[in-house]
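Source file: model-v4.tsv; contents: TSV, C-alpha atoms.
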```
chain	number	residue	atom	x	y	z
A	1486	MET	CA	82.60	131.19	-20.87
A	1487	THR	CA	79.84	132.38	-18.56
A	1488	ARG	CA	76.53	130.66	-18.22
A	1489	ASP	CA	74.81	133.47	-20.17
A	1490	GLU	CA	77.12	132.85	-23.12
A	1491	GLU	CA	76.46	129.10	-23.23
A	1492	ALA	CA	74.01	127.77	-25.78
A	1493	PRO	CA	70.68	126.76	-24.24
A	1494	ASP	CA	69.87	123.07	-23.95
A	1495	PRO	CA	68.49	121.82	-27.32
A	1496	ILE	CA	65.58	120.14	-25.52
A	1497	LEU	CA	64.21	123.62	-24.81
A	1498	PHE	CA	63.62	123.99	-28.56
A	1499	ASP	CA	61.61	120.78	-28.95
A	1500	ARG	CA	58.71	121.82	-31.15
A	1501	ARG	CA	56.24	120.05	-28.85
A	1502	ILE	CA	57.12	122.29	-25.88
A	1503	VAL	CA	58.81	125.35	-27.36
A	1504	GLU	CA	55.77	127.62	-26.90
A	1505	ARG	CA	55.57	126.65	-23.23
A	1506	ASN	CA	59.27	127.37	-22.78
A	1507	ILE	CA	58.89	130.79	-24.42
A	1508	LYS	CA	55.91	131.63	-22.15
A	1509	ARG	CA	57.89	130.54	-19.08
A	1510	GLY	CA	60.81	132.74	-20.11
A	1511	LEU	CA	63.25	129.87	-20.48
A	1512	ILE	CA	64.02	130.98	-24.05
A	1513	THR	CA	62.98	133.90	-26.24
A	1514	ARG	CA	61.30	133.81	-29.62
A	1515	LYS	CA	64.54	135.29	-30.99
A	1516	ASP	CA	66.51	132.37	-29.48
A	1517	TYR	CA	64.09	129.93	-31.14
A	1518	GLU	CA	64.36	131.60	-34.54
A	1519	LYS	CA	68.15	131.59	-34.25
A	1520	PHE	CA	68.05	127.88	-33.36
A	1521	LEU	CA	65.87	127.09	-36.40
A	1522	LYS	CA	68.21	128.96	-38.73
A	1523	SER	CA	71.19	127.04	-37.35
A	1524	ARG	CA	69.65	123.65	-38.20
A	1525	PRO	CA	71.03	121.91	-41.30
A	1526	ASP	CA	68.92	121.67	-44.44
A	1527	ALA	CA	67.45	118.17	-44.63
A	1528	SER	CA	65.36	118.67	-47.77
A	1529	GLU	CA	67.39	116.06	-49.66
A	1530	LYS	CA	66.14	113.41	-47.21
A	1531	ILE	CA	62.47	113.95	-48.10
A	1532	LYS	CA	60.87	111.10	-50.03
A	1533	SER	CA	57.92	111.36	-52.38
A	1534	PRO	CA	54.74	109.62	-51.18
A	1535	ASP	CA	55.37	106.82	-53.71
A	1536	GLU	CA	58.87	106.17	-52.37
A	1537	ALA	CA	57.64	106.26	-48.78
A	1538	SER	CA	54.85	103.73	-49.41
A	1539	GLU	CA	57.23	101.35	-51.19
A	1540	ALA	CA	59.67	101.50	-48.29
A	1541	SER	CA	56.98	100.91	-45.68
A	1542	SER	CA	55.35	98.03	-47.57
A	1543	ASN	CA	58.59	96.06	-47.88
A	1544	PRO	CA	61.24	97.37	-45.50
A	1545	GLU	CA	64.68	95.95	-46.08
A	1546	GLY	CA	65.42	93.14	-43.67
A	1547	ALA	CA	61.84	92.93	-42.44
A	1548	VAL	CA	60.71	89.59	-41.08
A	1549	PRO	CA	57.16	88.60	-41.97
A	1550	PRO	CA	54.87	88.02	-38.99
A	1551	SER	CA	54.69	84.43	-37.85
A	1552	PRO	CA	51.36	82.62	-37.79
A	1553	ALA	CA	49.67	82.33	-34.41
A	1554	ALA	CA	50.72	79.35	-32.36
A	1555	PRO	CA	48.14	76.57	-32.01
A	1556	GLY	CA	45.83	77.34	-29.11
A	1557	ALA	CA	46.89	81.01	-28.99
A	1558	SER	CA	43.28	82.13	-29.20
A	1559	GLU	CA	42.31	80.09	-26.18
A	1560	SER	CA	41.81	82.14	-23.05
A	1561	ARG	CA	43.43	81.42	-19.70
A	1562	GLY	CA	45.01	78.19	-20.89
A	1563	GLU	CA	41.70	76.34	-21.05
A	1564	PRO	CA	41.42	74.08	-24.09
A	1565	SER	CA	38.60	74.93	-26.43
A	1566	GLY	CA	35.60	72.66	-26.43
A	1567	SER	CA	35.93	71.53	-22.80
A	1568	THR	CA	33.12	72.02	-20.40
```
Would you write the structure of this file as structure tokens?
Amino acid sequence: MTRDEEAPDPILFDRRIVERNIKRGLITRKDYEKFLKSRPDASEKIKSPDEASEASSNPEGAVPPSPAAPGASESRGEPSGST
């Protein structure tokens, strides 16, 4: 297989930089459209806003934040109230 026949690096199609890569001639708009069509359908993974908020408010296995350690608010290790 020649280099021209190889598939371009998937990082070239990153949606954050794809327009830059098209302008620089690294890929063509046709290459990008072909890449998008080749991606699997992930619509079954979409959650409704209600499901998403439930998952984020109580993620499975989440550990609640621990209370601040005594003296944690003191700056530079100086005890509060000293002069």
Atom pair CA of Arg1514 in chain A + CA of Ala1527 in chain A, distance 22.5 Å
Counting all atoms listed in the file, the residue among A:Asp1526, A:Ser1538, A:Ile1531, A:Glu1518 that lies closest to Val1503 in chain A is A:Glu1518
Here CA of Arg1509 in chain A and CA of Ser1523 in chain A stand apart by 22.9 Å
Separating CA of Ile1496 in chain A from CA of Pro1534 in chain A, to the nearest tenth of an Å, is a gap of 29.8 Å
